[in-house]
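Asks: First, the structure itself, so that you have it in front of you.
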Amino acid sequence: MTVIHETVDLAINLPDGTRLSARSWIPEDAVAKPVPAILEFLPYRKRDGTAERDQITHPWFAARGYACLRVDMRGCGESEGLFDDEYSPQEMQDALDVIDWISRQDWCSGNVGMMGISWGGFNSLQAAANRAPALKAIITLCSTTDRFADDIHFKGGCLLGENIGWAATAASWFSPPPDPALAGEAWRDIWLNRLEKMPFLAQTWHEHQNRDAYWKHGSVCEDYDAITAAVFAIGGWHDGYRNTPAHLAANLSAPVRALMGPWNHKYPHMAVPGPRIGFLQEALAWWDHWLKGIGNGADRAPAYTAWLMDSVKPATSFGHRPGRWITEAEWPSPRITPRIFHLGEARLGDTPAPAFTQLARPSTAVGMATGEYFPFGFGPGELPDDQQGDDALSACFDSDMLSDTCDIVGAPRVNLTLSADQHRGQIAVRLCDLRPDGSSALITMGVLNLRHREGFDAMKDIVPGQPTEVTLDLDQIAYRLPEGHRLRIAVSTSYWPFIWPEPEPLTVTISGGSLSLPLRPLATGDEISFPEPTGAPPLALKYHSETLESKHVETDPGTGETRIIISGTTPLTEDLTHGLTTGSKIEEIWSIRDGEPASARVDITWDRSLGRGDWQTRSRVLTSLWGDAEDFHIVQRIQAWEGERLVFDRHHQDSVRRL
């Protein structure tokens with residue numbers, strides 16, 4: 001077995017003099033026999049934030065002939081400098097400089113791969129689009145090609161509730177200090193300077209409500225042909241980023257492989273629902289071919305592989321999702337053909353219906369069964385529940401019972417003819433499986449800001465009362481709908497708290513439309529197989545408390561206010577290799593009054609602790625968002641303590657005009 005040399009604070013000096021800190025695993029004989037390198041470039045604190053998963057993943061690759069580097073971004077962890085924004089020009093330049101630095105080390109063969117999930121999946125794609133010369137291949141997981149239309153901030157032109165949630169979480173991630181064991185006596189000055197200079201991301205992200213240059217930067221869909229490195233794109237049906245692997249497989253001219261499992265926002269060897277797969281083995285084959293030139297057939301893998309999920313009774317969590325693996329040699333697949341259903345009065349039919357009108361009336365209660373935008377497997381209530389409650393408050397169009405089982409694979413498309421009673425508004429469209437047991441299971445969904453109906457670059461007001469045609473593609477899916485089940489299209493004019501509501505209630509009159517359902521020939525069993533998960537020996541950890549999670553909904557009958565209260569506490573965890581102890585706690589309160597969408601508000605509190613022995617620190621980030629007819633109002637307060645002494649307290653409040 002290859003002997004690996006680990007360095008906990010490898011210095012990478014950038015051209016501007018900034019020192020980045022890396023944790024590295026490099027074969028001891030790599031100077032004599034240079035090896036390719038694998039980079040993961042993140043803001044999430046390698047020392048404590050991602051250390052547990054890094055330990056399982058990177059030493060495993062290193063033992064098989066790779067130099068692996070987990071690098072903290074500028075201004076994060078033990079890296080010098082200041083963080084400015086996600087996917088900023090500075091971040092991308094740093095990534096390109098790091099790749100170049102790695103390629104020139106005497107232990108590197110000159111070939112570099114880059115991988116990552118979420119943030120790391122984004123910047124891997126962006127580095128490939130910027131054509132870093134040494135970057136030959138990437139593996140991108142749970143990422144997006146379009147930072148505006150299909151990201152954590154906006155979706156379908158609608159402001160996501162998760163936009164403010166992510167702003168709160170990011171500020172919390174950046175609030176702990178560097179480890180004095182690595183940063184030295186300057187740790188406190190570094191910490192306080194970072195807190196003082198931390199950008200107010202919640203304001204920035206709310207200021208860009210169209211798909212402008214801010215969002216186009218880093219959106220690889222602007223020029224797919226810019227990517228020449230080989231791309232392995234992975235996603236999960238229970239994650240917020242369900243479309244990226246299909247989009248990349250359909251649009252890249254570079255070598256590409258797409259894989260969709262039943263997973264949440266996790267690596268496939270750690271994710272739920274199962275089945276988990278041997279991600280590390282699949283990744284190794286990718287690296288071996290594109291970084292070492294080994295003819296192992298990785299370049300001949302199916303263009304698109306997906307877990308075709310069986311219909312199951314809705315539940316807010318699953319340990320395993322039954323189904324089977326399907327493959328397509330090319331994507332889009334010529335084997336997938338549309339079946340058209342026409343909307344009629346409360347019906348979906350195979351033939352156009354007589355003239356009808358059906359109302360989607362306003363209700364601030366629609367969306368309570370949606371689950372989390374990003375399920376992490378942390379606790380209850382993350383996945384979509386039975387949709388019957390939301391269906392009852394929506395305009396529904398139901399099919400007859402299906403006479404044959406069908407496999408839905410791809411992105412269903414919904415066309416609607418509608419008129420609205422306001423000049424602005426939003427719609428949520430859900431495709432549901434009406435099961436014989438009476439439950440309504442969410443298959444897939446989409447949302448649309450009606451003022452973005454002609455494109456996301458600018459808004460165009462609705463003319464009240466005037467019929468207009470709108471089209472939206474629902475999220476990609478692979479789902480088996482059995483014989484005897486029925487389909488439902490459910491349309492609502494709000495979807496709280498998944499999307500932030502417009503200030504005025506909206507009623508939409510639907511007078512026509514269709515559903516184009518992508519159907520694939522029925523799969524008879526697994527069409528591909530995967531190895532079981534594996535990994536390097538885990539990190540030595542000691543837990544000093546338990547994980548606690550809760551989610552509940554309460555309504556005040558006097559005021560009509562409904563509150564969704566979510567709380568979670570991670571266990572106080574000690575890393576036995578260096579003694580750091582970390583912990584975190586979050587509480588989110590989402591509130592809205594019945595019939596008053598402008599009353600929507602969220603308050604989020606994050607607490608984090610970091611310490612070792614007598615050295616103890618903690619931080620608190622309080623973030624709030626509410627609005628009115630004209631503005632969004634955003635507040636963020638960041639506090640930090642060293643021991644029991646408050647050493648930092650900053651309050652930032654601003655308003656952003658609604659467009």
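Every chain in the structure tokens has a letter given in the order shown (A, B, ...), and although residue numbers restart at 1 in each chain, ligands are simply numbered from 1 in the order shown.
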What parts of stretch 8-148 of chain A does DSSP call alpha helix (DSSP H)? I'd like the answer as a VMD selection string.
Replies: chain A and resid 51 to 62 89 to 103 119 to 129
Asks: Fewer than 5 positions away in the same chain doesn't count, so skip those; otherwise give me all residues within 7 Å of stretch 307-324 of chain A, counting only C-alpha atoms, as a ChimeraX atom specification.
Replies: /A:260-262,272-275,380-386,439,441,478-481,525-526
Asks: Quick one: residues within 10 Å of A:Asp54, only C-alpha atoms, excluding same-chain residues fewer than 4 positions away - as JSON, numbers by chain?
Replies: {"A": [23, 40, 46, 47, 49, 50, 58, 59, 60, 68, 69, 70, 536, 538, 539]}
Asks: Just give me the gap between atom CA of A:Ile234 and atom CA of A:Ser253 in Å, one decimal is fine.
Replies: 17.6 Å
Asks: Which polymer residues have any atom within 7 Å of an atom of stretch 510-521 of chain A, counting only C-alpha atoms, with same-chain residues fewer than 5 positions away left out, as a PyMOL selection string?
Replies: chain A and resi 335-344+356-359+406-419
Asks: Dump C-alpha atoms for the selected residues as a PDB file, in the first residue's frame?
Replies:
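Printed below is part.pdb as written:
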```
ATOM      1  CA  ARG A 335     -36.098   6.818 -26.851  1.00  0.00           C
ATOM      2  CA  ILE A 336     -37.945   9.366 -24.681  1.00  0.00           C
ATOM      3  CA  THR A 337     -41.092  10.705 -26.332  1.00  0.00           C
ATOM      4  CA  PRO A 338     -43.765  13.109 -25.077  1.00  0.00           C
ATOM      5  CA  ARG A 339     -47.313  12.175 -24.141  1.00  0.00           C
ATOM      6  CA  ILE A 340     -49.615  15.175 -24.220  1.00  0.00           C
ATOM      7  CA  PHE A 341     -52.378  15.725 -21.680  1.00  0.00           C
ATOM      8  CA  HIS A 342     -54.810  18.613 -22.175  1.00  0.00           C
ATOM      9  CA  LEU A 343     -56.239  20.670 -19.336  1.00  0.00           C
ATOM     10  CA  GLY A 344     -60.008  20.811 -19.024  1.00  0.00           C
ATOM     11  CA  PHE A 356     -63.549  26.188 -19.426  1.00  0.00           C
ATOM     12  CA  THR A 357     -62.293  28.495 -16.709  1.00  0.00           C
ATOM     13  CA  GLN A 358     -60.823  27.432 -13.384  1.00  0.00           C
ATOM     14  CA  LEU A 359     -59.571  29.694 -10.631  1.00  0.00           C
ATOM     15  CA  CYS A 406     -45.287   4.413 -17.392  1.00  0.00           C
ATOM     16  CA  ASP A 407     -41.754   5.614 -16.697  1.00  0.00           C
ATOM     17  CA  ILE A 408     -41.436   9.416 -16.582  1.00  0.00           C
ATOM     18  CA  VAL A 409     -37.849  10.418 -17.400  1.00  0.00           C
ATOM     19  CA  GLY A 410     -36.934  14.023 -18.112  1.00  0.00           C
ATOM     20  CA  ALA A 411     -38.476  17.445 -17.522  1.00  0.00           C
ATOM     21  CA  PRO A 412     -42.278  17.648 -17.879  1.00  0.00           C
ATOM     22  CA  ARG A 413     -43.407  20.838 -19.612  1.00  0.00           C
ATOM     23  CA  VAL A 414     -46.569  22.714 -18.658  1.00  0.00           C
ATOM     24  CA  ASN A 415     -48.266  25.297 -20.903  1.00  0.00           C
ATOM     25  CA  LEU A 416     -50.995  27.452 -19.400  1.00  0.00           C
ATOM     26  CA  THR A 417     -53.390  30.039 -20.762  1.00  0.00           C
ATOM     27  CA  LEU A 418     -54.215  32.305 -17.863  1.00  0.00           C
ATOM     28  CA  SER A 419     -55.275  35.775 -16.840  1.00  0.00           C
TER      29      SER A 419
END
```
Asks: For A:Lys460, please output as a PyMOL selection string all residues within 12 Å (counting only C-alpha atoms; exclusion window: fewer than 4 positions along the same chain).
Replies: chain A and resi 157+210+423-425+449-456+659
Asks: Of the candidates A:Pro571, A:Gly643, A:Gly65, A:Gly77, which shows the shortest atom-to-atom distance to A:Pro27, using only C-alpha atoms?
Replies: A:Gly65
Asks: Select, from A:Pro497, A:Pro597, A:Gly116, A:Gly613, the residue with the minimum atom-to-atom distance to A:Ile565, counting only C-alpha atoms.
Replies: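 Among the listed residues, the smallest separation from A:Ile565 belongs to A:Pro497.
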Asks: Report the distance between atom CA of A:Asp106 and atom CA of A:Leu10 in Å, rounded to one decimal place.
Replies: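 Result for atom CA of A:Asp106 versus atom CA of A:Leu10: 14.5 Å, one decimal.
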Asks: Identify, with DSSP run on backbone atoms, the residues in stretch 121-183 of chain A assigned to strand (DSSP E or B), and express the list as a VMD selection string.
Replies: chain A and resid 135 to 141 150 154 to 155 158 to 160
Asks: Need the shell around A:Asn130: protein/DNA/RNA residues with any atom at most 9 Å away, counting only C-alpha atoms. Skip same-chain ones fewer than 5 positions apart. Format as a ChimeraX atom specification?
Replies: /A:92,96,125,226-227
Asks: Store the residues picked out above in a file with C-alpha atoms, as a short mmCIF file (atom, residue, chain, number, x, y, z; two decimals), in the first residue's frame.
Replies:
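Resulting contents of part.cif:
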```cif
data_model
loop_
_atom_site.label_atom_id
_atom_site.label_comp_id
_atom_site.auth_asym_id
_atom_site.auth_seq_id
_atom_site.Cartn_x
_atom_site.Cartn_y
_atom_site.Cartn_z
CA MET A 92 -12.07 32.31 -9.56
CA LEU A 96 -6.90 29.29 -11.31
CA LEU A 125 -17.48 23.99 -13.27
CA ALA A 226 -15.92 27.11 -23.02
CA ILE A 227 -15.63 23.85 -21.08
#
```
Asks: Using only C-alpha atoms, can you tell me which of A:Trp107, A:Phe498, A:Tyr543, A:Tyr224 comes closest to A:Tyr373?
Replies: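 Among the listed residues, the smallest separation from A:Tyr373 belongs to A:Phe498.
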Asks: Which residues come within 12 Å of A:Glu196, counting only C-alpha atoms, excluding same-chain residues fewer than 2 positions away, as a ChimeraX atom specification?
Replies: /A:82-83,171,174-175,189-194,198-200,637-640,647-652
Asks: Ranking A:Ala233, A:Ala67, A:Met270, A:Ala301 by minimum distance to A:Phe376 and counting only C-alpha atoms, which one comes first?
Replies: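 Smallest separation from A:Phe376 among the options: A:Met270.
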Asks: Rank nothing, just name the residue among A:Arg347, A:Arg300, A:His289, A:His153 nearest to A:Gly240, using only C-alpha atoms.
Replies: A:His153
